[in-house]
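**Student:** Encoded as structure tokens, here's the structure I'll be asking about.
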Amino acid sequence: MTKQTKVGVVKVNRDVIMGDQITVQIQMPAFQPPTDLESLRKEYLIHLKRMYQVLDFRGIPQLESFSRELELEDVYVPLVARPERPEGDTWMRSRLAGRDWRGDSLPKEMLAMAGKGETVAPVPVEKALGENSRVIVLGDPGSGKSTLLKFLTLRLAAEHDAPLPIILPLNAFARALEKEDLSVQAYLPRYFAGLAHGIANLEPLFTAALGKGQAVVLLDGLDEVQANRAHVVHKVETFAASVVEQGNKVVVTSRIVGYRDAPLDPKDWSLYTLLDFDRDAIEQFTRKWCLVFETSTRGDTPEARADAKLERRSLMDAIDSNPGVAQLASNPLLLTILALIKRQGVALPNRRVELYDIYLDTLIRAWNKARTLDRQQIGPDMNPNDILAALGPLALWLREENPTAGVVSKRALLGELTRYYMGEDWQLKRGPARKKAGEFLKSVRRYSNLLVERGPNQYGFLHLTFEEMLAAYGLYQKAQLDLSDSLTSIQAHLTAPAWRETILLAVGVWGLANRQPRVAGKVVTAMLEMDCPPEQVGQNVLMAGACLEDVGEEGIGRATARQVQNTLLETACNRSLPPTVQRDAGDILARTGWRPQDLDAFIPIPAGPFLYGDEKQKEVIDDPFEMAKYPVTNLQYRRFMEAEGYDHREFWSEEGWVW
């Protein structure tokens, strides 16, 4: 006996704003409810659209009052994943957490992981979902796991000939299990009861769809289940085995951190780990984002589209202008924050310390309150000040221990944390301090993901940029009692390329994040007086200039800014220094906004005889004229362009106008 069913291939070949095509192929029967359930189906799908169609900026404290509504589908960029699970808390790819790495700089345990991590080619997540009945999607914080499920829900809900999407946060199910023992299928309609009028009893709808094998069940956040996770995993396994046998599909998402503590059975589940955005994905996002942003308020007009192109170019310039910003932009959440913050007027990359501050605040304090579908807090409140107070010295220590690979053993890490809790801030005995260190490591790893396991008992920060930013806080904290302590550290690493970003960010922490430009000015002034080895002469001046370029006069004070510019000018004109140092000093000086007071001066040339050339030939100037004191600068040429100089005939000779 054969049974013929209509197989739905969900192809939404349009994007309202961009005209892009994103195809989701589910390859399973479309949901065809009984007549008496059709109205309930419509109400349910309307509810899903109302819940998930608009981007949610909760969890980003500085943006929670953001009133603009942007639709998820208009800015969604397809995700890519590898069909395997990392050995540690995050992927080992050709770049290690933002670092260029060399084999001889990594522990042998990590080398084995790095080689293994490149063996399996990545695939689009939508393809993976189409080819498998049970899928687990792992990802770093902000990699797009929940957004993926929302996008799939919206696309399935929008198509008439599609299976029924059923989306559920597993943490809500876990809370329900604490009160009574029930199955996933029994809880599904209970979760939606009371969320909206008209869907108080979805049990007959879900039963019909699951019974016919016409549903896609999307279970979000296995890692968010903190208590009795093994029991929840068992419930999910039992549910999935039953409904998949009937022809349905099940997708589960989880952070990488903690997944292996209670994983789903690998014999039954196809596991995929999300990768960061590559360059094409970043450009696709910025193109969509800027156009949606402009047209959402001004309408789809030629002017809005033109401004969107300009804004996109500006956003990409901000991303490309600093390696740290560019590397963080590969994370979908952090890229979204970057786009939002830039819209609020934060100048990048020079004020990136403000951007990184928001990133850290989001990861530390707000993430657990915002990342769940049911918007319930996961884990304890995390005080950013306490976290920074511990992680700052830790990052500074790690920079000094292993700045190349950025990893240390768990034992060494716990030892350093123990010393911190025995120190002046906490003054604990060794035993309690060691216990506190273990609790802190577990908490900050699980809930903020700032510290991650990169191999067997090998730990490091989620990303090089966070390590550098936290180390900058470490330098700031080190100076609270005596500024000279921080200056000693800066002197020791002033000319080391691996420390450049940390020092720049530390000046930003003083001058911008904590609004202490006078202290930042003292740090930069001290740099001008620091000694450098003969082979690195002048590097202290170049670093001081880079600090001014990075944070501006606002960050280090007017007097220090003038002092740095004067020293740069002297360095650029000092013919006893290496030409490269003179050149770099001049370039930095220009980028700080300095220009000679007589930039626009002209030198009068009188009529009469003059000598020219090596042969001292005599010529006669018939008419007096004036010549610019300096060659035409970029600033002057920009003025000329803004004045439309190429369009004014009176400015040109006959030959020049023909040219």
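We label chains A, B, ... in the order they appear in the structure tokens, count residues from 1 in each chain, and number ligands from 1 in the order shown.
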Pick out the residues sitting within 9 Å of A:Leu483, and hand them over as number ranges by chain; count only C-alpha atoms, and ignore anything fewer than 5 positions along from it in its own chain.
**Tutor:** A: 476, 478, 488, 519, 523
**Student:** Restricting the output to C-alpha atoms, write the selected residues as a JSON list (two decimals), in the first residue's frame.
**Tutor:**
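Written file, again32.json:
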```
[["chain", "number", "residue", "atom", "x", "y", "z"],
["A", 476, "TYR", "CA", 43.95, 50.83, 34.56],
["A", 478, "LYS", "CA", 46.95, 48.47, 38.47],
["A", 488, "THR", "CA", 56.40, 50.24, 34.50],
["A", 519, "VAL", "CA", 45.46, 60.77, 33.98],
["A", 523, "VAL", "CA", 50.43, 58.26, 30.79]]
```
**Student:** List as a ChimeraX atom specification the protein and nucleic acid residues near A:Asp300, meaning an atom at most 10 Å away when only C-alpha atoms are counted, but skip any in the same chain fewer than 5 places from it.
**Tutor:** /A:17,291-292,294-295,305
**Student:** Considering only C-alpha atoms, return as number ranges by chain whatever protein or nucleic-acid residues lie within 8 Å of A:Leu210, sequence-local ones (same chain, fewer than 6 positions apart) excluded.
**Tutor:** A: 243, 246, 248
**Student:** Could you write out the selected residues, including C-alpha atoms, as a compact mmCIF listing (two decimals), in the first residue's frame?
**Tutor:**
```txt
# COMPACT_ATOMS: atom_id res chain seq x y z
CA VAL A 243 7.76 12.25 16.14
CA GLN A 246 5.99 9.73 12.06
CA ASN A 248 8.44 15.12 11.43
```
**Student:** Run DSSP on the backbone of this structure and report the residues of stretch 477-507 of chain A it assigns to alpha helix (DSSP H), as a PDB file with C-alpha atoms, in the first residue's frame.
**Tutor:**
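Once written, out.pdb looks like this:
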```pdb
ATOM      1  CA  GLN A 477      43.245  48.901  37.773  1.00  0.00           C
ATOM      2  CA  LYS A 478      46.952  48.466  38.466  1.00  0.00           C
ATOM      3  CA  LEU A 483      50.292  55.149  38.509  1.00  0.00           C
ATOM      4  CA  SER A 484      53.950  54.196  38.298  1.00  0.00           C
ATOM      5  CA  ASP A 485      53.009  50.494  38.515  1.00  0.00           C
ATOM      6  CA  SER A 486      51.133  50.745  35.224  1.00  0.00           C
ATOM      7  CA  LEU A 487      53.820  52.898  33.653  1.00  0.00           C
ATOM      8  CA  THR A 488      56.396  50.240  34.503  1.00  0.00           C
ATOM      9  CA  SER A 489      54.323  47.635  32.640  1.00  0.00           C
ATOM     10  CA  ILE A 490      53.845  49.960  29.678  1.00  0.00           C
ATOM     11  CA  GLN A 491      57.587  50.712  29.570  1.00  0.00           C
ATOM     12  CA  ALA A 492      58.371  46.980  29.560  1.00  0.00           C
ATOM     13  CA  HIS A 493      56.139  46.322  26.552  1.00  0.00           C
ATOM     14  CA  ARG A 500      50.265  47.884  20.926  1.00  0.00           C
ATOM     15  CA  GLU A 501      46.467  47.497  20.996  1.00  0.00           C
ATOM     16  CA  THR A 502      46.417  46.865  24.755  1.00  0.00           C
ATOM     17  CA  ILE A 503      48.326  50.098  25.430  1.00  0.00           C
ATOM     18  CA  LEU A 504      46.150  52.116  23.059  1.00  0.00           C
ATOM     19  CA  LEU A 505      42.986  50.736  24.659  1.00  0.00           C
ATOM     20  CA  ALA A 506      44.340  51.404  28.162  1.00  0.00           C
ATOM     21  CA  VAL A 507      44.702  55.105  27.316  1.00  0.00           C
TER      22      VAL A 507
END
```
**Student:** At what distance in Å, to one decimal, does atom CA of A:Gln53 lie from atom CA of A:Leu340?
**Tutor:**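 Going from atom CA of A:Leu340 over to atom CA of A:Gln53, I get 18.3 Å.
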**Student:** List the spatial neighbours of A:Gly460 as a JSON list (two decimals) with N, CA and C atoms, in the first residue's frame - criterion: any atom at most 10 Å away, only C-alpha atoms, same-chain residues fewer than 2 positions off excluded.
**Tutor:**
```json
[["chain", "number", "residue", "atom", "x", "y", "z"],
["A", 97, "ALA", "N", 40.81, 32.66, 17.67],
["A", 97, "ALA", "CA", 40.22, 33.75, 18.46],
["A", 97, "ALA", "C", 40.77, 35.11, 18.06],
["A", 395, "ALA", "N", 43.61, 38.99, 32.50],
["A", 395, "ALA", "CA", 43.98, 39.21, 31.10],
["A", 395, "ALA", "C", 45.36, 39.82, 30.99],
["A", 398, "LEU", "N", 47.77, 37.06, 31.51],
["A", 398, "LEU", "CA", 47.82, 36.18, 30.34],
["A", 398, "LEU", "C", 48.59, 36.83, 29.20],
["A", 405, "ALA", "N", 49.84, 32.85, 21.71],
["A", 405, "ALA", "CA", 48.72, 31.92, 21.56],
["A", 405, "ALA", "C", 47.55, 32.30, 22.45],
["A", 406, "GLY", "N", 47.80, 32.99, 23.57],
["A", 406, "GLY", "CA", 46.71, 33.43, 24.43],
["A", 406, "GLY", "C", 46.02, 32.31, 25.17],
["A", 407, "VAL", "N", 46.73, 31.22, 25.48],
["A", 407, "VAL", "CA", 46.14, 30.13, 26.23],
["A", 407, "VAL", "C", 47.05, 29.73, 27.38],
["A", 408, "VAL", "N", 46.43, 29.29, 28.46],
["A", 408, "VAL", "CA", 47.17, 28.77, 29.61],
["A", 408, "VAL", "C", 46.43, 27.55, 30.13],
["A", 409, "SER", "N", 47.11, 26.77, 30.94],
["A", 409, "SER", "CA", 46.47, 25.58, 31.51],
["A", 409, "SER", "C", 45.42, 26.00, 32.53],
["A", 410, "LYS", "N", 44.46, 25.12, 32.72],
["A", 410, "LYS", "CA", 43.42, 25.38, 33.71],
["A", 410, "LYS", "C", 44.04, 25.54, 35.10],
["A", 413, "LEU", "N", 45.56, 28.95, 35.39],
["A", 413, "LEU", "CA", 44.49, 29.94, 35.43],
["A", 413, "LEU", "C", 43.86, 30.00, 36.81],
["A", 450, "LEU", "N", 33.13, 34.66, 28.15],
["A", 450, "LEU", "CA", 34.34, 35.44, 27.90],
["A", 450, "LEU", "C", 35.58, 34.57, 27.99],
["A", 451, "LEU", "N", 35.58, 33.63, 28.95],
["A", 451, "LEU", "CA", 36.65, 32.65, 29.04],
["A", 451, "LEU", "C", 36.14, 31.33, 28.50],
["A", 452, "VAL", "N", 36.91, 30.70, 27.63],
["A", 452, "VAL", "CA", 36.47, 29.45, 27.02],
["A", 452, "VAL", "C", 37.59, 28.43, 27.06],
["A", 453, "GLU", "N", 37.20, 27.16, 27.01],
["A", 453, "GLU", "CA", 38.18, 26.09, 26.95],
["A", 453, "GLU", "C", 38.54, 25.87, 25.48],
["A", 454, "ARG", "N", 39.83, 25.99, 25.17],
["A", 454, "ARG", "CA", 40.27, 25.88, 23.78],
["A", 454, "ARG", "C", 40.93, 24.54, 23.49],
["A", 455, "GLY", "N", 40.99, 23.71, 24.44],
["A", 455, "GLY", "CA", 41.57, 22.38, 24.27],
["A", 455, "GLY", "C", 41.49, 21.69, 25.61],
["A", 458, "GLN", "N", 42.97, 23.63, 28.47],
["A", 458, "GLN", "CA", 43.65, 24.82, 27.96],
["A", 458, "GLN", "C", 42.61, 25.93, 27.81],
["A", 462, "LEU", "N", 37.55, 34.49, 24.83],
["A", 462, "LEU", "CA", 36.72, 34.22, 23.66],
["A", 462, "LEU", "C", 37.34, 34.78, 22.39],
["A", 463, "HIS", "N", 37.98, 35.92, 22.50],
["A", 463, "HIS", "CA", 38.56, 36.57, 21.34],
["A", 463, "HIS", "C", 39.73, 37.43, 21.77],
["A", 464, "LEU", "N", 40.72, 37.55, 20.90],
["A", 464, "LEU", "CA", 41.89, 38.36, 21.18],
["A", 464, "LEU", "C", 41.51, 39.78, 21.58],
["A", 467, "GLU", "N", 40.54, 39.96, 25.12],
["A", 467, "GLU", "CA", 41.73, 39.81, 25.96],
["A", 467, "GLU", "C", 42.48, 41.15, 26.04]]
```
**Student:** So, with only C-alpha atoms as the atoms that count, which of A:Phe285, A:Phe466, A:Phe293, A:Tyr459 lies closest to A:Asp357?
**Tutor:** A:Phe466
**Student:** Would you please work out which residue, of A:Pro263, A:Leu182, A:Val54, A:Lys49, is nearest to A:Pro165 when using only C-alpha atoms?
**Tutor:** A:Lys49
**Student:** I'd like the contact shell of A:Ile256 - 12 Å cut-off, only C-alpha atoms, skipping same-chain residues fewer than 6 positions apart - returned as a CSV table (one decimal) with all heavy atoms, in the first residue's frame.
**Tutor:**
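Saved as out_23.csv:
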```csv
chain,number,residue,atom,x,y,z
A,84,GLU,N,30.3,18.9,12.5
A,84,GLU,CA,31.0,18.2,13.6
A,84,GLU,C,31.1,19.1,14.8
A,84,GLU,O,30.8,20.3,14.7
A,84,GLU,CB,32.4,17.8,13.2
A,84,GLU,CG,33.3,18.9,12.7
A,84,GLU,CD,34.6,18.5,12.2
A,84,GLU,OE1,34.8,17.3,11.8
A,84,GLU,OE2,35.6,19.3,12.3
A,85,ARG,N,31.5,18.5,15.9
A,85,ARG,CA,31.5,19.3,17.2
A,85,ARG,C,33.0,19.6,17.5
A,85,ARG,O,33.8,18.7,17.4
A,85,ARG,CB,30.9,18.5,18.3
A,85,ARG,CG,31.0,19.2,19.7
A,85,ARG,CD,30.1,18.5,20.7
A,85,ARG,NE,30.5,17.2,21.0
A,85,ARG,CZ,31.4,16.9,22.0
A,85,ARG,NH1,31.9,17.9,22.7
A,85,ARG,NH2,31.7,15.7,22.3
A,86,PRO,N,33.3,20.9,17.9
A,86,PRO,CA,34.6,21.2,18.4
A,86,PRO,C,35.0,20.4,19.6
A,86,PRO,O,34.2,20.0,20.4
A,86,PRO,CB,34.6,22.7,18.7
A,86,PRO,CG,33.3,23.2,18.0
A,86,PRO,CD,32.4,22.0,18.0
A,87,GLU,N,36.3,20.2,19.8
A,87,GLU,CA,36.8,19.5,21.0
A,87,GLU,C,36.7,20.5,22.2
A,87,GLU,O,36.5,20.0,23.3
A,87,GLU,CB,38.2,19.1,20.8
A,87,GLU,CG,38.4,18.0,19.8
A,87,GLU,CD,37.7,16.7,20.2
A,87,GLU,OE1,37.7,16.4,21.4
A,87,GLU,OE2,37.2,16.0,19.3
A,88,GLY,N,36.9,21.8,22.0
A,88,GLY,CA,36.8,22.7,23.1
A,88,GLY,C,35.5,23.5,23.1
A,88,GLY,O,34.5,23.0,22.6
A,89,ASP,N,35.5,24.7,23.6
A,89,ASP,CA,34.3,25.5,23.7
A,89,ASP,C,34.0,26.3,22.5
A,89,ASP,O,33.0,27.0,22.4
A,89,ASP,CB,34.5,26.5,24.9
A,89,ASP,CG,34.4,25.8,26.2
A,89,ASP,OD1,33.8,24.7,26.3
A,89,ASP,OD2,34.8,26.4,27.2
A,90,THR,N,35.0,26.4,21.5
A,90,THR,CA,34.7,27.2,20.3
A,90,THR,C,35.6,26.6,19.2
A,90,THR,O,36.5,25.7,19.4
A,90,THR,CB,35.1,28.6,20.6
A,90,THR,OG1,34.6,29.4,19.4
A,90,THR,CG2,36.5,28.9,20.8
A,91,TRP,N,35.4,27.0,18.0
A,91,TRP,CA,36.1,26.4,16.8
A,91,TRP,C,37.6,26.8,16.8
A,91,TRP,O,38.0,28.0,17.0
A,91,TRP,CB,35.5,26.9,15.5
A,91,TRP,CG,34.5,25.9,15.0
A,91,TRP,CD1,33.1,26.1,14.9
A,91,TRP,CD2,34.7,24.6,14.6
A,91,TRP,NE1,32.5,25.0,14.5
A,91,TRP,CE2,33.4,24.0,14.3
A,91,TRP,CE3,35.8,23.8,14.5
A,91,TRP,CZ2,33.3,22.7,13.8
A,91,TRP,CZ3,35.6,22.5,14.0
A,91,TRP,CH2,34.4,22.0,13.7
A,136,ILE,N,21.2,19.0,15.6
A,136,ILE,CA,21.6,19.8,16.7
A,136,ILE,C,22.5,20.9,16.2
A,136,ILE,O,23.5,20.6,15.5
A,136,ILE,CB,22.3,19.0,17.8
A,136,ILE,CG1,22.8,19.9,18.9
A,136,ILE,CG2,23.4,18.1,17.3
A,136,ILE,CD1,21.8,20.5,19.8
A,137,VAL,N,22.2,22.2,16.4
A,137,VAL,CA,23.0,23.3,16.0
A,137,VAL,C,23.7,23.9,17.1
A,137,VAL,O,23.1,24.4,18.1
A,137,VAL,CB,22.1,24.3,15.3
A,137,VAL,CG1,23.0,25.5,14.8
A,137,VAL,CG2,21.4,23.7,14.1
A,138,LEU,N,25.1,23.8,17.1
A,138,LEU,CA,25.9,24.4,18.2
A,138,LEU,C,26.4,25.8,17.7
A,138,LEU,O,26.6,26.0,16.5
A,138,LEU,CB,27.0,23.5,18.6
A,138,LEU,CG,26.7,22.1,19.1
A,138,LEU,CD1,28.0,21.4,19.5
A,138,LEU,CD2,25.7,22.2,20.3
A,139,GLY,N,26.7,26.7,18.6
A,139,GLY,CA,27.3,27.9,18.2
A,139,GLY,C,27.9,28.7,19.4
A,139,GLY,O,27.5,28.5,20.5
A,140,ASP,N,28.8,29.7,19.1
A,140,ASP,CA,29.3,30.6,20.1
A,140,ASP,C,28.2,31.6,20.5
A,140,ASP,O,27.2,31.7,19.8
A,140,ASP,CB,30.5,31.4,19.5
A,140,ASP,CG,31.7,30.5,19.4
A,140,ASP,OD1,31.8,29.5,20.2
A,140,ASP,OD2,32.6,30.8,18.5
A,141,PRO,N,28.4,32.3,21.5
A,141,PRO,CA,27.4,33.4,21.9
A,141,PRO,C,27.3,34.4,20.7
A,141,PRO,O,28.3,34.8,20.1
A,141,PRO,CB,28.1,34.1,23.1
A,141,PRO,CG,29.0,33.1,23.7
A,141,PRO,CD,29.5,32.3,22.5
A,142,GLY,N,26.1,34.7,20.3
A,142,GLY,CA,25.9,35.7,19.3
A,142,GLY,C,26.1,35.2,17.9
A,142,GLY,O,26.1,36.0,16.9
A,143,SER,N,26.2,33.9,17.7
A,143,SER,CA,26.5,33.3,16.4
A,143,SER,C,25.2,33.2,15.6
A,143,SER,O,25.3,32.8,14.4
A,143,SER,CB,27.2,31.9,16.5
A,143,SER,OG,26.4,31.0,17.3
A,145,LYS,N,22.1,31.4,16.7
A,145,LYS,CA,21.3,30.2,16.9
A,145,LYS,C,19.8,30.5,17.0
A,145,LYS,O,19.0,29.9,16.2
A,145,LYS,CB,21.8,29.4,18.1
A,145,LYS,CG,23.3,29.1,18.1
A,145,LYS,CD,23.7,28.4,19.3
A,145,LYS,CE,23.6,29.2,20.6
A,145,LYS,NZ,24.5,30.4,20.5
A,221,GLY,N,18.0,26.4,22.9
A,221,GLY,CA,18.7,26.7,24.1
A,221,GLY,C,18.9,25.5,25.0
A,221,GLY,O,18.6,25.7,26.2
A,222,LEU,N,19.4,24.4,24.6
A,222,LEU,CA,19.6,23.3,25.5
A,222,LEU,C,20.6,23.7,26.6
A,222,LEU,O,20.5,23.2,27.7
A,222,LEU,CB,20.1,22.1,24.7
A,222,LEU,CG,20.4,20.8,25.5
A,222,LEU,CD1,19.1,20.3,26.1
A,222,LEU,CD2,21.0,19.7,24.6
A,223,ASP,N,21.6,24.5,26.2
A,223,ASP,CA,22.6,24.9,27.2
A,223,ASP,C,22.0,25.8,28.3
A,223,ASP,O,22.6,26.0,29.4
A,223,ASP,CB,23.7,25.7,26.5
A,223,ASP,CG,23.1,27.0,25.9
A,223,ASP,OD1,22.4,27.0,24.9
A,223,ASP,OD2,23.4,28.1,26.4
A,224,GLU,N,20.8,26.4,28.1
A,224,GLU,CA,20.2,27.2,29.1
A,224,GLU,C,19.6,26.4,30.2
A,224,GLU,O,19.2,27.0,31.2
A,224,GLU,CB,19.1,28.1,28.4
A,224,GLU,CG,19.7,29.1,27.4
A,224,GLU,CD,18.7,29.7,26.5
A,224,GLU,OE1,17.5,29.4,26.6
A,224,GLU,OE2,19.1,30.4,25.5
A,262,ALA,N,26.0,17.0,28.8
A,262,ALA,CA,24.8,16.2,28.6
A,262,ALA,C,24.4,16.2,27.2
A,262,ALA,O,23.4,16.9,26.8
A,262,ALA,CB,23.7,16.6,29.6
A,263,PRO,N,25.1,15.6,26.2
A,263,PRO,CA,24.8,15.7,24.8
A,263,PRO,C,23.7,14.8,24.4
A,263,PRO,O,23.3,13.9,25.1
A,263,PRO,CB,26.1,15.3,24.2
A,263,PRO,CG,26.7,14.3,25.1
A,263,PRO,CD,26.3,14.8,26.5
A,271,LEU,N,25.0,16.7,13.9
A,271,LEU,CA,25.4,17.8,14.6
A,271,LEU,C,26.2,18.8,13.7
A,271,LEU,O,27.0,18.4,12.9
A,271,LEU,CB,26.3,17.4,15.8
A,271,LEU,CG,26.8,18.4,16.8
A,271,LEU,CD1,26.9,17.8,18.2
A,271,LEU,CD2,28.1,19.1,16.4
A,272,TYR,N,25.8,20.1,13.8
A,272,TYR,CA,26.5,21.1,13.0
A,272,TYR,C,26.9,22.3,14.0
A,272,TYR,O,26.1,22.6,14.9
A,272,TYR,CB,25.5,21.6,12.0
A,272,TYR,CG,25.2,20.6,10.9
A,272,TYR,CD1,24.2,19.7,11.1
A,272,TYR,CD2,25.9,20.6,9.7
A,272,TYR,CE1,24.0,18.7,10.1
A,272,TYR,CE2,25.7,19.7,8.7
A,272,TYR,CZ,24.7,18.7,8.9
A,272,TYR,OH,24.4,17.8,7.9
A,273,THR,N,28.1,22.8,13.7
A,273,THR,CA,28.5,24.0,14.5
A,273,THR,C,28.6,25.2,13.6
A,273,THR,O,29.3,25.2,12.6
A,273,THR,CB,29.9,23.7,15.1
A,273,THR,OG1,29.8,22.5,15.9
A,273,THR,CG2,30.4,24.8,16.0
A,274,LEU,N,28.0,26.3,14.0
A,274,LEU,CA,27.9,27.5,13.3
A,274,LEU,C,29.3,28.1,13.2
A,274,LEU,O,30.0,28.2,14.2
A,274,LEU,CB,26.9,28.5,13.9
A,274,LEU,CG,25.5,28.1,13.9
A,274,LEU,CD1,24.6,29.1,14.6
A,274,LEU,CD2,25.0,27.9,12.4
A,275,LEU,N,29.6,28.7,12.0
A,275,LEU,CA,30.9,29.4,11.9
A,275,LEU,C,30.6,30.9,11.9
A,275,LEU,O,29.4,31.4,11.6
A,275,LEU,CB,31.6,29.0,10.5
A,275,LEU,CG,31.9,27.6,10.4
A,275,LEU,CD1,32.7,27.4,9.1
A,275,LEU,CD2,32.8,27.1,11.6
A,445,ARG,N,32.6,31.4,32.4
A,445,ARG,CA,32.7,30.5,31.2
A,445,ARG,C,31.3,30.1,30.7
A,445,ARG,O,31.0,30.2,29.5
A,445,ARG,CB,33.5,29.3,31.5
A,445,ARG,CG,33.5,28.2,30.4
A,445,ARG,CD,34.3,27.0,30.7
A,445,ARG,NE,34.1,25.9,29.8
A,445,ARG,CZ,33.6,24.8,30.1
A,445,ARG,NH1,33.1,24.6,31.3
A,445,ARG,NH2,33.4,23.9,29.1
A,446,ARG,N,30.4,29.8,31.6
A,446,ARG,CA,29.1,29.3,31.2
A,446,ARG,C,28.2,30.4,30.9
A,446,ARG,O,27.4,30.3,29.9
A,446,ARG,CB,28.5,28.5,32.4
A,446,ARG,CG,27.0,28.1,32.2
A,446,ARG,CD,26.6,27.0,33.1
A,446,ARG,NE,27.2,25.7,32.8
A,446,ARG,CZ,27.0,24.6,33.5
A,446,ARG,NH1,26.1,24.6,34.5
A,446,ARG,NH2,27.6,23.5,33.2
A,447,TYR,N,28.2,31.5,31.6
A,447,TYR,CA,27.1,32.5,31.4
A,447,TYR,C,27.6,33.7,30.5
A,447,TYR,O,26.7,34.2,29.8
A,447,TYR,CB,26.7,33.0,32.8
A,447,TYR,CG,26.1,32.0,33.6
A,447,TYR,CD1,26.6,31.7,34.9
A,447,TYR,CD2,25.0,31.2,33.2
A,447,TYR,CE1,26.1,30.7,35.7
A,447,TYR,CE2,24.5,30.2,34.0
A,447,TYR,CZ,25.0,30.0,35.2
A,447,TYR,OH,24.5,28.9,36.0
A,449,ASN,N,30.7,33.5,28.6
A,449,ASN,CA,31.5,32.9,27.6
A,449,ASN,C,32.8,33.7,27.3
A,449,ASN,O,33.4,33.5,26.2
A,449,ASN,CB,30.7,32.7,26.3
A,449,ASN,CG,30.5,31.2,26.0
A,449,ASN,OD1,30.1,30.9,24.9
A,449,ASN,ND2,30.8,30.3,26.9
A,452,VAL,N,36.9,30.7,27.6
A,452,VAL,CA,36.5,29.5,27.0
A,452,VAL,C,37.6,28.4,27.1
A,452,VAL,O,38.8,28.8,27.1
A,452,VAL,CB,36.0,29.7,25.6
A,452,VAL,CG1,34.8,30.5,25.5
A,452,VAL,CG2,37.1,30.2,24.7
A,453,GLU,N,37.2,27.2,27.0
A,453,GLU,CA,38.2,26.1,26.9
A,453,GLU,C,38.5,25.9,25.5
A,453,GLU,O,37.7,25.6,24.7
A,453,GLU,CB,37.6,24.8,27.5
A,453,GLU,CG,38.6,23.7,27.7
A,453,GLU,CD,38.0,22.4,28.3
A,453,GLU,OE1,36.8,22.4,28.6
A,453,GLU,OE2,38.8,21.5,28.5
A,454,ARG,N,39.8,26.0,25.2
A,454,ARG,CA,40.3,25.9,23.8
A,454,ARG,C,40.9,24.5,23.5
A,454,ARG,O,41.4,24.3,22.4
A,454,ARG,CB,41.2,27.0,23.5
A,454,ARG,CG,40.5,28.4,23.5
A,454,ARG,CD,41.2,29.4,22.6
A,454,ARG,NE,40.4,30.6,22.6
A,454,ARG,CZ,39.4,30.7,21.8
A,454,ARG,NH1,39.0,29.8,21.0
A,454,ARG,NH2,38.7,31.8,21.7
```
**Student:** Give me, as number ranges by chain, all polymer residues having an atom no more than 10 Å from A:Gly508, counting only C-alpha atoms and skipping those fewer than 3 positions away in the same chain.
**Tutor:** A: 350-354, 469, 472-473, 476, 502-505, 511-517, 520, 547-548, 550-552, 555-556
**Student:** Hey, what's within 6 Å of stretch 606-609 of chain A if we count only C-alpha atoms and toss same-chain stuff fewer than 3 positions away? As a list in words, please?
**Tutor:**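 Returned residues: Glu619, Val620, Ile621, Asp622, Asp623 and Pro624 of chain A.
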**Student:** Please write the residues from the selection above to a file, keeping C-alpha atoms, as a PDB file, in the first residue's frame.
**Tutor:**
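So out02.pdb came out as:
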```
ATOM      1  CA  GLU A 619      66.086  83.431 -17.209  1.00  0.00           C
ATOM      2  CA  VAL A 620      63.857  86.437 -16.890  1.00  0.00           C
ATOM      3  CA  ILE A 621      60.414  86.524 -15.218  1.00  0.00           C
ATOM      4  CA  ASP A 622      58.335  89.019 -17.138  1.00  0.00           C
ATOM      5  CA  ASP A 623      55.466  89.328 -14.681  1.00  0.00           C
ATOM      6  CA  PRO A 624      55.482  88.886 -10.891  1.00  0.00           C
TER       7      PRO A 624
END
```
**Student:** Quick one: distance from atom CA of A:Pro533 to atom CA of A:Arg562 in Å, one decimal?
**Tutor:**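 Rounded to one decimal, the two atoms are 25.8 Å apart.
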**Student:** Write down as JSON, numbers by chain the residues belonging to stretch 80-267 of chain A that are assigned strand (DSSP E) by DSSP computed on the backbone.
**Tutor:** {"A": [80, 81, 82, 95, 96, 99, 100, 123, 124, 134, 135, 136, 137, 138, 139, 164, 165, 166, 167, 168, 169, 215, 216, 217, 218, 219, 220, 249, 250, 251, 252, 253, 254, 255]}
**Student:** Given only C-alpha atoms as the basis, pick out the residue of A:Thr297, A:Thr147, A:Asn132, A:Asn457 nearest to A:Val244.
**Tutor:**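 Among the listed residues, A:Asn132 lies closest to A:Val244.
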